[in-house]
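Peer 1: run-v8.cif is reproduced below (mmCIF, C-alpha atoms and all ligand atoms).
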```
data_entry
loop_
_atom_site.label_atom_id
_atom_site.label_comp_id
_atom_site.auth_asym_id
_atom_site.auth_seq_id
_atom_site.Cartn_x
_atom_site.Cartn_y
_atom_site.Cartn_z
CA MET C 116 37.00 112.62 -39.01
CA VAL C 117 36.28 111.21 -42.47
CA THR C 118 38.99 108.60 -41.92
CA ASP C 119 37.15 107.58 -38.75
CA GLN C 120 34.09 107.00 -40.87
CA LEU C 121 36.06 104.75 -43.17
CA ASP C 122 37.45 102.82 -40.19
CA GLN C 123 33.92 102.29 -38.91
CA LEU C 124 32.87 101.14 -42.34
CA ARG C 125 35.78 98.69 -42.49
CA ARG C 126 34.90 97.23 -39.08
CA ASP C 127 31.20 96.85 -39.95
CA ALA C 128 32.01 95.32 -43.32
CA GLN C 129 34.51 92.91 -41.83
CA LYS C 130 32.03 91.83 -39.14
CA GLY C 131 29.28 91.34 -41.71
CA LEU C 132 31.59 89.34 -43.91
CA ASP C 133 32.73 87.09 -41.06
CA SER C 134 29.15 86.18 -40.26
CA ALA C 135 28.07 85.56 -43.89
CA ALA C 136 27.71 81.79 -44.05
CA THR C 137 25.80 81.20 -47.30
CA THR C 138 26.17 82.34 -50.88
CA ASN C 139 22.95 84.34 -50.46
CA GLU C 140 24.29 86.18 -47.45
CA LEU C 141 27.51 86.78 -49.34
CA SER C 142 25.78 88.36 -52.28
CA ASP C 143 23.67 90.55 -49.95
CA TRP C 144 26.89 91.66 -48.31
CA HIS C 145 28.46 92.38 -51.69
CA ALA C 146 25.52 94.53 -52.74
CA ARG C 147 25.61 96.40 -49.44
CA TYR C 148 29.31 97.31 -49.52
CA LEU C 149 30.79 96.84 -52.99
CA GLY C 150 27.72 97.15 -55.20
CA ARG C 151 26.78 100.07 -57.42
CA LYS C 152 24.60 101.52 -54.67
CA GLY C 153 26.81 100.23 -51.90
CA ALA C 154 28.58 101.95 -49.01
CA LEU C 155 31.86 102.45 -50.85
CA THR C 156 30.15 104.14 -53.77
CA ASP C 157 28.46 106.44 -51.23
CA ALA C 158 31.85 107.19 -49.65
CA MET C 159 33.29 108.15 -53.04
CA ARG C 160 30.40 110.57 -53.54
CA GLN C 161 31.44 112.42 -50.40
CA LEU C 162 34.64 113.44 -52.20
CA GLY C 163 32.87 116.43 -53.71
CA ALA C 164 32.12 117.83 -50.26
CA LEU C 165 35.74 117.75 -49.20
CA SER C 166 38.34 120.45 -49.54
CA ALA C 167 40.90 120.14 -52.34
CA GLU C 168 43.64 119.25 -49.80
CA GLU C 169 41.66 116.46 -48.20
CA ARG C 170 40.45 114.89 -51.40
CA PRO C 171 43.51 112.92 -52.65
CA ALA C 172 44.18 111.21 -49.33
CA PHE C 173 40.52 110.32 -48.82
CA GLY C 174 40.17 109.05 -52.40
CA LYS C 175 43.20 106.86 -51.93
CA ALA C 176 41.91 105.54 -48.60
CA VAL C 177 38.50 104.67 -50.15
CA ASN C 178 40.18 102.84 -53.07
CA ALA C 179 42.46 100.96 -50.69
CA LEU C 180 39.46 99.93 -48.59
CA LYS C 181 37.67 98.83 -51.73
CA THR C 182 40.59 96.60 -52.75
CA GLU C 183 40.89 95.27 -49.21
CA LEU C 184 37.19 94.40 -48.98
CA SER C 185 37.16 92.83 -52.45
CA GLU C 186 40.00 90.54 -51.48
CA ALA C 187 38.38 89.72 -48.16
CA PHE C 188 35.14 88.98 -50.02
CA GLU C 189 36.83 86.57 -52.38
CA ALA C 190 38.59 84.81 -49.53
CA ARG C 191 35.34 84.50 -47.61
CA GLN C 192 33.58 83.22 -50.73
CA GLU C 193 36.14 80.44 -51.04
CA ILE C 194 35.57 79.41 -47.44
CA VAL C 195 31.77 79.43 -47.74
CA ARG C 196 31.86 77.43 -50.99
CA GLY C 197 34.22 74.92 -49.42
CA ALA C 198 31.97 74.54 -46.38
CA GLN C 199 28.89 74.08 -48.56
CA LEU C 200 30.66 71.43 -50.63
CA ASP C 201 31.75 69.62 -47.47
CA ALA C 202 28.20 69.67 -46.16
CA ARG C 203 26.87 68.27 -49.45
CA LEU C 204 29.49 65.54 -49.56
CA ALA C 205 28.61 64.55 -46.02
CA THR C 206 24.90 64.15 -46.79
CA ASP C 207 25.01 62.95 -50.43
CA ALA C 208 27.96 60.66 -49.83
CA ILE C 209 28.21 57.56 -52.05
CA ASP C 210 28.97 54.53 -49.92
CA VAL C 211 31.30 52.57 -52.15
CA THR C 212 31.12 49.58 -49.81
CA LEU C 213 27.39 49.02 -50.50
CA PRO C 214 26.65 46.06 -52.80
CA GLY C 215 25.72 47.13 -56.35
CA ARG C 216 22.20 46.84 -57.69
CA PRO C 217 22.01 43.72 -59.88
CA LEU C 218 20.97 44.26 -63.52
CA GLU C 219 17.84 42.24 -64.29
CA LEU C 220 18.67 40.24 -67.42
CA GLY C 221 16.06 38.21 -69.26
CA THR C 222 16.66 34.53 -69.98
CA LEU C 223 15.61 32.19 -72.72
CA HIS C 224 12.37 30.31 -72.07
CA PRO C 225 13.11 26.73 -70.91
CA ILE C 226 11.32 25.32 -73.97
CA THR C 227 13.39 27.55 -76.26
CA GLN C 228 16.52 26.33 -74.53
CA LEU C 229 15.43 22.73 -75.03
CA ILE C 230 14.56 23.31 -78.71
CA ARG C 231 18.09 24.61 -79.21
CA GLU C 232 19.61 21.68 -77.36
CA VAL C 233 17.63 19.14 -79.39
CA SER C 234 18.47 20.95 -82.66
CA SER C 235 22.13 20.85 -81.75
CA ILE C 236 22.04 17.12 -80.94
CA PHE C 237 20.45 16.41 -84.31
CA ALA C 238 22.74 18.82 -86.14
CA HIS C 239 25.63 16.63 -85.04
CA LEU C 240 23.78 13.63 -86.47
CA GLY C 241 23.46 15.37 -89.84
CA PHE C 242 19.94 16.84 -89.51
CA GLN C 243 18.91 20.30 -90.66
CA THR C 244 16.42 22.31 -88.55
CA ILE C 245 13.53 23.85 -90.48
CA GLU C 246 10.17 25.39 -89.56
CA GLY C 247 6.68 25.34 -91.05
CA PRO C 248 3.25 27.00 -90.85
CA GLU C 249 1.09 26.76 -87.72
CA VAL C 250 -2.10 27.47 -89.68
CA GLU C 251 -2.26 24.49 -91.96
CA ASP C 252 -4.29 23.01 -94.77
CA ALA C 253 -6.08 19.86 -93.65
CA TYR C 254 -4.54 18.18 -96.69
CA TYR C 255 -1.10 18.39 -95.06
CA ALA C 256 -2.33 17.82 -91.51
CA PHE C 257 -4.34 14.69 -92.44
CA ASP C 258 -5.05 13.61 -96.03
CA ALA C 259 -1.49 13.47 -97.29
CA LEU C 260 -0.55 11.71 -94.05
CA ASN C 261 -2.78 8.77 -94.94
CA ILE C 262 -5.64 10.01 -92.76
CA PRO C 263 -8.48 10.60 -95.24
CA LYS C 264 -11.62 12.48 -94.28
CA ASP C 265 -13.88 10.36 -92.05
CA HIS C 266 -10.93 8.22 -90.98
CA PRO C 267 -11.56 7.51 -87.27
CA ALA C 268 -7.90 8.34 -86.47
CA ARG C 269 -8.71 12.03 -87.04
CA ASP C 270 -10.30 11.97 -83.60
CA VAL C 271 -6.88 11.31 -82.03
CA TRP C 272 -5.89 14.85 -82.89
CA ASP C 273 -8.48 17.06 -81.23
CA THR C 274 -8.15 19.61 -83.94
CA ILE C 275 -9.04 23.29 -83.82
CA PHE C 276 -10.59 24.26 -87.15
CA VAL C 277 -10.23 27.70 -88.65
CA GLN C 278 -13.27 29.05 -90.48
CA SER C 279 -12.86 28.85 -94.23
CA GLU C 280 -15.36 28.70 -97.09
CA SER C 281 -13.43 26.80 -99.70
CA ARG C 282 -10.66 24.89 -97.95
CA GLU C 283 -10.44 23.02 -94.69
CA ILE C 284 -7.95 24.99 -92.59
CA VAL C 285 -6.74 23.92 -89.14
CA LEU C 286 -4.32 24.97 -86.45
CA ARG C 287 -1.86 22.14 -86.87
CA PRO C 288 -2.39 19.53 -84.13
CA HIS C 289 1.08 18.06 -84.74
CA THR C 290 4.22 18.89 -86.71
CA SER C 291 3.78 15.89 -89.04
CA PRO C 292 2.37 17.99 -91.91
CA MET C 293 5.94 19.19 -92.35
CA GLN C 294 6.91 15.64 -93.38
CA VAL C 295 4.79 16.15 -96.48
CA ARG C 296 5.82 19.75 -97.14
CA THR C 297 9.49 18.85 -96.80
CA MET C 298 9.32 15.86 -99.14
CA GLU C 299 7.37 17.92 -101.69
CA ARG C 300 10.21 20.42 -101.74
CA LEU C 301 13.31 18.21 -101.46
CA LYS C 302 14.67 15.19 -103.26
CA PRO C 303 16.05 12.36 -101.10
CA PRO C 304 18.24 12.03 -99.13
CA VAL C 305 16.23 14.03 -96.57
CA ARG C 306 17.27 14.59 -92.96
CA VAL C 307 15.36 17.31 -91.12
CA ILE C 308 13.94 18.11 -87.76
CA VAL C 309 11.05 20.55 -87.39
CA PRO C 310 10.38 22.16 -84.02
CA GLY C 311 7.22 24.24 -83.72
CA ARG C 312 3.97 25.14 -82.00
CA CYS C 313 0.93 22.88 -82.20
CA TYR C 314 -2.65 23.28 -81.02
CA ARG C 315 -5.32 20.87 -79.84
CA TYR C 316 -8.84 21.31 -78.55
CA GLU C 317 -7.97 20.09 -75.11
CA ALA C 318 -9.09 20.79 -71.54
CA LEU C 319 -6.22 22.30 -69.58
CA ASP C 320 -4.81 20.28 -66.69
CA ALA C 321 -1.45 19.35 -65.19
CA THR C 322 -0.49 17.23 -68.21
CA HIS C 323 -2.53 18.77 -71.05
CA GLU C 324 -2.06 22.10 -72.79
CA TRP C 325 -4.16 23.25 -75.73
CA HIS C 326 -0.99 24.83 -77.07
CA PHE C 327 2.38 23.03 -76.96
CA GLN C 328 5.53 22.48 -78.95
CA GLN C 329 6.62 19.42 -80.83
CA VAL C 330 9.61 18.37 -82.84
CA GLU C 331 9.20 16.26 -85.93
CA GLY C 332 12.09 14.21 -87.27
CA LEU C 333 12.25 12.84 -90.80
CA ALA C 334 14.87 10.86 -92.68
CA VAL C 335 14.33 9.46 -96.19
CA ASP C 336 16.89 7.71 -98.33
CA GLU C 337 17.56 4.47 -100.15
CA HIS C 338 18.01 1.49 -97.83
CA LEU C 339 16.95 3.23 -94.61
CA THR C 340 15.66 0.68 -92.10
CA MET C 341 14.16 0.47 -88.65
CA THR C 342 17.70 0.00 -87.34
CA ASP C 343 18.60 3.56 -88.37
CA LEU C 344 15.52 4.83 -86.53
CA LYS C 345 16.39 2.87 -83.39
CA GLY C 346 20.03 3.90 -83.41
CA THR C 347 19.26 7.58 -83.96
CA LEU C 348 16.56 7.77 -81.27
CA ALA C 349 18.71 5.89 -78.74
CA GLU C 350 21.58 8.31 -79.37
CA PHE C 351 19.21 11.27 -79.03
CA ALA C 352 17.78 9.98 -75.73
CA ARG C 353 21.23 9.32 -74.29
CA GLN C 354 22.53 12.75 -75.20
CA LEU C 355 19.50 14.40 -73.64
CA PHE C 356 18.95 12.18 -70.59
CA GLY C 357 22.34 10.64 -69.90
CA PRO C 358 24.57 7.99 -71.52
CA GLN C 359 23.34 5.12 -69.32
CA ARG C 360 19.69 5.36 -70.53
CA LYS C 361 18.10 2.09 -71.63
CA VAL C 362 15.59 2.38 -74.47
CA ARG C 363 12.47 0.43 -75.38
CA PHE C 364 10.48 0.23 -78.62
CA ARG C 365 6.92 -1.12 -78.65
CA CYS C 366 4.36 -1.42 -81.40
CA ASP C 367 2.02 1.52 -81.77
CA TYR C 368 -0.32 2.81 -84.42
CA PHE C 369 -0.13 6.05 -86.41
CA PRO C 370 -1.72 6.08 -89.88
CA PHE C 371 1.35 7.67 -91.51
CA VAL C 372 3.91 5.10 -90.38
CA GLU C 373 4.16 1.33 -90.83
CA PRO C 374 5.29 -0.20 -88.59
CA GLY C 375 4.69 2.39 -85.87
CA VAL C 376 6.35 2.40 -82.48
CA ASP C 377 6.28 4.14 -79.19
CA PHE C 378 9.70 4.90 -77.83
CA ALA C 379 10.48 4.84 -74.11
CA ILE C 380 13.50 5.29 -71.87
CA ASP C 381 14.05 3.67 -68.48
CA CYS C 382 12.87 5.94 -65.69
CA MET C 383 15.66 8.29 -64.67
CA VAL C 384 14.18 8.68 -61.19
CA CYS C 385 13.93 5.02 -60.10
CA HIS C 386 16.13 3.45 -62.82
CA GLY C 387 13.43 0.97 -63.72
CA ASP C 388 12.28 -0.12 -60.27
CA GLY C 389 8.96 1.67 -60.57
CA CYS C 390 7.97 4.99 -59.00
CA ARG C 391 5.42 7.80 -59.23
CA VAL C 392 7.09 9.45 -62.25
CA CYS C 393 6.94 6.26 -64.37
CA LYS C 394 3.63 5.20 -62.78
CA GLY C 395 5.24 2.03 -61.46
CA THR C 396 6.23 0.71 -64.89
CA GLY C 397 9.93 1.60 -64.84
CA TRP C 398 9.57 3.12 -68.34
CA ILE C 399 8.73 6.58 -69.62
CA GLU C 400 7.26 6.97 -73.11
CA ILE C 401 8.74 10.00 -74.80
CA LEU C 402 7.70 9.89 -78.43
CA GLY C 403 5.91 8.19 -81.33
CA ALA C 404 7.78 7.06 -84.42
CA GLY C 405 7.86 4.58 -87.26
CA MET C 406 8.77 3.88 -90.88
CA VAL C 407 7.13 6.39 -93.23
CA HIS C 408 4.04 4.74 -94.75
CA PRO C 409 4.41 3.91 -98.48
CA ASN C 410 1.18 5.82 -99.13
CA VAL C 411 2.74 8.98 -97.71
CA LEU C 412 5.83 8.52 -99.91
CA ALA C 413 3.58 8.02 -102.93
CA ASN C 414 1.53 11.12 -102.04
CA VAL C 415 4.62 13.33 -102.43
CA GLY C 416 5.81 11.56 -105.59
CA TYR C 417 8.60 9.51 -104.01
CA ASP C 418 8.92 5.95 -105.34
CA PRO C 419 8.08 3.71 -102.33
CA ASP C 420 9.95 0.81 -103.97
CA LYS C 421 13.14 2.85 -104.13
CA TYR C 422 12.99 4.97 -101.00
CA THR C 423 12.29 4.23 -97.38
CA GLY C 424 12.14 6.64 -94.48
CA TRP C 425 11.43 7.00 -90.84
CA ALA C 426 9.83 9.74 -88.78
CA PHE C 427 9.20 10.62 -85.18
CA GLY C 428 7.21 13.26 -83.29
CA CYS C 429 7.89 14.35 -79.77
CA GLY C 430 6.43 16.94 -77.35
CA PHE C 431 8.92 19.41 -75.89
CA GLU C 432 6.96 20.16 -72.73
CA ARG C 433 6.96 16.48 -71.81
CA LEU C 434 10.71 16.27 -72.42
CA ALA C 435 11.28 19.37 -70.29
CA MET C 436 9.03 18.10 -67.49
CA LEU C 437 11.04 14.88 -67.36
CA LYS C 438 14.40 16.57 -67.68
CA TYR C 439 13.75 19.20 -65.00
CA GLY C 440 11.29 17.35 -62.76
CA ILE C 441 8.36 19.72 -63.45
CA THR C 442 4.97 18.29 -62.46
CA ASP C 443 2.57 20.78 -64.07
CA ILE C 444 2.69 21.59 -67.79
CA ARG C 445 0.81 24.85 -67.20
CA ALA C 446 3.89 26.34 -65.54
CA PHE C 447 5.52 26.84 -68.96
CA TYR C 448 3.00 29.36 -70.24
CA GLN C 449 2.01 31.36 -67.17
CA SER C 450 4.91 33.81 -67.53
CA ASP C 451 5.69 33.53 -63.83
CA LEU C 452 9.22 34.88 -63.37
CA ARG C 453 9.70 32.83 -60.20
CA PHE C 454 9.43 29.74 -62.41
CA LEU C 455 11.14 31.05 -65.53
CA SER C 456 14.15 32.59 -63.81
CA GLN C 457 15.22 29.16 -62.59
CA PHE C 458 16.25 28.35 -66.15
CA ASP C 459 18.90 31.03 -66.51
CA ARG C 460 21.44 28.74 -68.05
CA ALA C 461 23.27 30.97 -70.53
CA THR C 462 22.59 29.67 -74.01
CA ALA C 463 23.71 31.33 -77.19
N1 LIG V 501 2.44 13.20 -85.06
C1 LIG V 501 2.34 12.20 -84.03
C2 LIG V 501 1.60 12.82 -82.84
O1 LIG V 501 1.42 14.00 -82.79
C3 LIG V 501 3.67 11.69 -83.58
C4 LIG V 501 4.39 10.92 -84.67
C5 LIG V 501 5.18 11.57 -85.58
C6 LIG V 501 4.29 9.56 -84.75
C7 LIG V 501 5.87 10.88 -86.55
C8 LIG V 501 4.96 8.82 -85.71
C9 LIG V 501 5.75 9.49 -86.61
O2 LIG V 501 1.19 12.15 -81.94
#
```
If you took the structure in this file and wrote it as structure tokens, what would it be?
Ligand code: PHE

Peer 2:
Amino acid sequence: MVTDQLDQLRRDAQKGLDSAATTNELSDWHARYLGRKGALTDAMRQLGALSAEERPAFGKAVNALKTELSEAFEARQEIVRGAQLDARLATDAIDVTLPGRPLELGTLHPITQLIREVSSIFAHLGFQTIEGPEVEDAYYAFDALNIPKDHPARDVWDTIFVQSESREIVLRPHTSPMQVRTMERLKPPVRVIVPGRCYRYEALDATHEWHFQQVEGLAVDEHLTMTDLKGTLAEFARQLFGPQRKVRFRCDYFPFVEPGVDFAIDCMVCHGDGCRVCKGTGWIEILGAGMVHPNVLANVGYDPDKYTGWAFGCGFERLAMLKYGITDIRAFYQSDLRFLSQFDRATA
């Protein structure tokens, strides 16, 4: 009779176990049959009600059933876990054939790239790259450069003045003040280039920025002549714009050089025939230059009878526009990634 009860219990338990499909159902089942208040614990309690003869056999049968169900439980648990894992793998599957997500890497700004390229060209010609202040004393921006106060040439540089009680302070409108600062610090021979930001009070349009970058070049030594200037600039232009570039020097006026020149290369678009880029002239002016004015040499304490020098100043945005065929200078400083990401040439 009691053994029948145990058989019934075994059948029920087995059926329940077979239909348990989740870990929750499994733990419910475990509590119901094998737990502290479960069916097998109840069965053990019935021992007391049995006669002394019946007890050992019943006790043994209950223990055997307990072992049997525990093993069945563990086996079922394995199966349920395996099935759950399979289901998860099927839904969360990683498709290794999908293309990876590209890492967005930043790139150097095109002007920064060009500054590095120009510095490297001049480094090979023996020039050191240095930098100077953007907020500048008018003495360096003008007076020491042979542009005294009230000199009409000051109008050429539409200067932004910074409020100051005692001294005239400006945002430098060109990098030329660094000619003076460099010569004050160094003894000849001097060979430097100075890239850096400049500012002018200028209305913004496709070819004018109120903020831009220039590079100044300066060489001072004994016996330097216009020939050195011409040779160096021609080499620079050919390294930057191609070895077949023709160059042209024409007279120009800057108060801090004498003689002064404007330097042009033949148009790389039409090769001199005349087109929109060179405005029909066949030539593209890329910088101003000249022999350092004796007054400027004297202002820094160099002996103008012993030393001669040459200098040039050149806008990077203009160089970049020519080199990359960009028609609007404003593109450089609008932080538009569609524009900037086109210059992802890897530079160190
Ligand atoms: N500083 C001049 C400018 O900004 C360029 C220049 C530099 C000309 C050096 C001659 C010599 O226009």

Peer 1: Taking all atoms listed in the file into account, name the residue in C:Leu121, C:Ala318, C:Val307, C:Leu220 that is nearest to Lys175 of chain C.

Peer 2: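 The answer is C:Leu121, which sits nearest to Lys175 of chain C.
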
Peer 1: What is the distance between atom CA of Ser456 of chain C and atom CA of Leu437 of chain C, in Å to one decimal?

Peer 2: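 Computed distance, atom CA of Ser456 of chain C to atom CA of Leu437 of chain C, equals 18.3 Å.
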
Peer 1: Sorted by chain and rising residue number, list the residues of chain C at most 6 Å from ligand LIG 501 (chain V) (counting all atoms listed in the file), each with its closest atom pair and distance in Å to one decimal, as CSV.

Peer 2:
```
residue,atom,partner,partner_atom,distance
C:His289,CA,V:LIG501,O1,4.5
C:Ser291,CA,V:LIG501,N1,5.0
C:Phe369,CA,V:LIG501,C8,5.8
C:Gly403,CA,V:LIG501,C6,4.0
C:Ala404,CA,V:LIG501,C8,3.6
C:Gly405,CA,V:LIG501,C8,5.4
C:Ala426,CA,V:LIG501,C9,4.6
C:Phe427,CA,V:LIG501,C7,3.6
C:Gly428,CA,V:LIG501,C5,3.5
```

Peer 1: Using only C-alpha atoms, which of the listed residues (C:Val271, C:Ala379, C:Ala256, C:Cys429) sits closest to Gln328 of chain C?

Peer 2: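 For Gln328 of chain C, the nearest of the candidates is C:Cys429.
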
Peer 1: One decimal, Å: what's the distance from atom CA of Pro374 of chain C over to atom CA of Met341 of chain C, could you say?

Peer 2: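 Interatomic distance, atom CA of Pro374 of chain C to atom CA of Met341 of chain C: 8.9 Å.
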
Peer 1: Mind checking which residues fall within 12 Å of Val233 of chain C, counting all atoms listed in the file, ignoring those fewer than 2 positions away in the same chain, and posting them as a PyMOL selection string?

Peer 2: chain C and resi 226-231+235-240+242-244+308-310+329-332+348+350-356+429-431+434-435

Peer 1: Around segment 330-336 of chain C, with edges along x, y and z and 5 Å added on all six sides, what centre and edge lengths do you get, in Å to one decimal, as JSON?

Peer 2:
```
{"center_x": 13.0, "center_y": 13.0, "center_z": -90.6, "size_x": 17.7, "size_y": 20.7, "size_z": 25.5}
```

Peer 1: My list of candidates is C:Asp210, C:Arg147, C:Glu251, C:Val305. Which is closest to Arg282 of chain C when distances are computed with all atoms listed in the file?

Peer 2: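 Smallest separation from Arg282 of chain C among the options: C:Glu251.
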
Peer 1: Near Pro303 of chain C, counting all atoms listed in the file, which residues have an atom at most 10 Å away, once you skip same-chain residues fewer than 2 positions from it, shown as a PyMOL selection string?

Peer 2: chain C and resi 298+300-301+305-306+334-337+417+422-424

Peer 1: How many Å lie between atom CA of Gly389 of chain C and atom CA of Tyr368 of chain C, rounded to one decimal?

Peer 2: 25.6 Å

Peer 1: Please reconstruct the missing atoms of segment 363-390 of chain C (target: N, CA and C atoms) and return them as a JSON list (two decimals), in the coordinates of the input.

Peer 2:
```json
[["chain", "number", "residue", "atom", "x", "y", "z"],
["C", 363, "ARG", "N", 13.42, 1.50, -75.07],
["C", 363, "ARG", "CA", 12.47, 0.43, -75.38],
["C", 363, "ARG", "C", 11.59, 0.86, -76.56],
["C", 364, "PHE", "N", 11.38, -0.03, -77.49],
["C", 364, "PHE", "CA", 10.48, 0.23, -78.62],
["C", 364, "PHE", "C", 9.32, -0.76, -78.54],
["C", 365, "ARG", "N", 8.10, -0.24, -78.63],
["C", 365, "ARG", "CA", 6.92, -1.12, -78.65],
["C", 365, "ARG", "C", 6.04, -0.75, -79.82],
["C", 366, "CYS", "N", 5.25, -1.71, -80.28],
["C", 366, "CYS", "CA", 4.36, -1.42, -81.40],
["C", 366, "CYS", "C", 3.35, -0.37, -81.02],
["C", 367, "ASP", "N", 3.05, 0.51, -81.97],
["C", 367, "ASP", "CA", 2.02, 1.52, -81.77],
["C", 367, "ASP", "C", 1.42, 1.81, -83.13],
["C", 368, "TYR", "N", 0.32, 2.55, -83.14],
["C", 368, "TYR", "CA", -0.32, 2.81, -84.42],
["C", 368, "TYR", "C", -0.41, 4.30, -84.72],
["C", 369, "PHE", "N", 0.10, 4.71, -85.83],
["C", 369, "PHE", "CA", -0.13, 6.05, -86.41],
["C", 369, "PHE", "C", -0.34, 5.81, -87.90],
["C", 370, "PRO", "N", -1.38, 6.41, -88.49],
["C", 370, "PRO", "CA", -1.72, 6.08, -89.88],
["C", 370, "PRO", "C", -0.60, 6.36, -90.89],
["C", 371, "PHE", "N", 0.33, 7.27, -90.51],
["C", 371, "PHE", "CA", 1.35, 7.67, -91.51],
["C", 371, "PHE", "C", 2.66, 6.93, -91.36],
["C", 372, "VAL", "N", 2.71, 5.93, -90.48],
["C", 372, "VAL", "CA", 3.91, 5.10, -90.38],
["C", 372, "VAL", "C", 3.51, 3.63, -90.35],
["C", 373, "GLU", "N", 4.41, 2.78, -90.86],
["C", 373, "GLU", "CA", 4.16, 1.33, -90.83],
["C", 373, "GLU", "C", 5.49, 0.60, -90.89],
["C", 374, "PRO", "N", 5.94, -0.11, -89.90],
["C", 374, "PRO", "CA", 5.29, -0.20, -88.59],
["C", 374, "PRO", "C", 5.47, 1.08, -87.77],
["C", 375, "GLY", "N", 4.58, 1.25, -86.78],
["C", 375, "GLY", "CA", 4.69, 2.39, -85.87],
["C", 375, "GLY", "C", 5.16, 1.91, -84.50],
["C", 376, "VAL", "N", 5.85, 2.79, -83.81],
["C", 376, "VAL", "CA", 6.35, 2.40, -82.48],
["C", 376, "VAL", "C", 6.13, 3.51, -81.47],
["C", 377, "ASP", "N", 6.10, 3.11, -80.20],
["C", 377, "ASP", "CA", 6.28, 4.14, -79.19],
["C", 377, "ASP", "C", 7.63, 3.89, -78.55],
["C", 378, "PHE", "N", 8.31, 4.97, -78.26],
["C", 378, "PHE", "CA", 9.70, 4.90, -77.83],
["C", 378, "PHE", "C", 9.76, 5.34, -76.37],
["C", 379, "ALA", "N", 10.40, 4.51, -75.53],
["C", 379, "ALA", "CA", 10.48, 4.84, -74.11],
["C", 379, "ALA", "C", 11.91, 4.71, -73.62],
["C", 380, "ILE", "N", 12.20, 5.43, -72.53],
["C", 380, "ILE", "CA", 13.50, 5.29, -71.87],
["C", 380, "ILE", "C", 13.25, 4.77, -70.46],
["C", 381, "ASP", "N", 14.25, 4.12, -69.85],
["C", 381, "ASP", "CA", 14.05, 3.67, -68.48],
["C", 381, "ASP", "C", 13.97, 4.88, -67.57],
["C", 382, "CYS", "N", 13.16, 4.79, -66.54],
["C", 382, "CYS", "CA", 12.87, 5.94, -65.69],
["C", 382, "CYS", "C", 14.15, 6.45, -65.02],
["C", 383, "MET", "N", 14.41, 7.75, -65.21],
["C", 383, "MET", "CA", 15.66, 8.29, -64.67],
["C", 383, "MET", "C", 15.55, 8.57, -63.17],
["C", 384, "VAL", "N", 14.33, 8.47, -62.63],
["C", 384, "VAL", "CA", 14.18, 8.68, -61.19],
["C", 384, "VAL", "C", 14.44, 7.38, -60.43],
["C", 385, "CYS", "N", 13.79, 6.28, -60.86],
["C", 385, "CYS", "CA", 13.93, 5.02, -60.10],
["C", 385, "CYS", "C", 14.79, 4.00, -60.83],
["C", 386, "HIS", "N", 15.30, 4.35, -62.00],
["C", 386, "HIS", "CA", 16.13, 3.45, -62.82],
["C", 386, "HIS", "C", 15.44, 2.12, -63.08],
["C", 387, "GLY", "N", 14.13, 2.18, -63.29],
["C", 387, "GLY", "CA", 13.43, 0.97, -63.72],
["C", 387, "GLY", "C", 12.71, 0.21, -62.61],
["C", 388, "ASP", "N", 12.92, 0.62, -61.36],
["C", 388, "ASP", "CA", 12.28, -0.12, -60.27],
["C", 388, "ASP", "C", 10.77, 0.16, -60.19],
["C", 389, "GLY", "N", 10.37, 1.30, -60.67],
["C", 389, "GLY", "CA", 8.96, 1.67, -60.57],
["C", 389, "GLY", "C", 8.78, 2.76, -59.52],
["C", 390, "CYS", "N", 8.21, 3.89, -59.95],
["C", 390, "CYS", "CA", 7.97, 4.99, -59.00],
["C", 390, "CYS", "C", 6.80, 5.83, -59.51]]
```
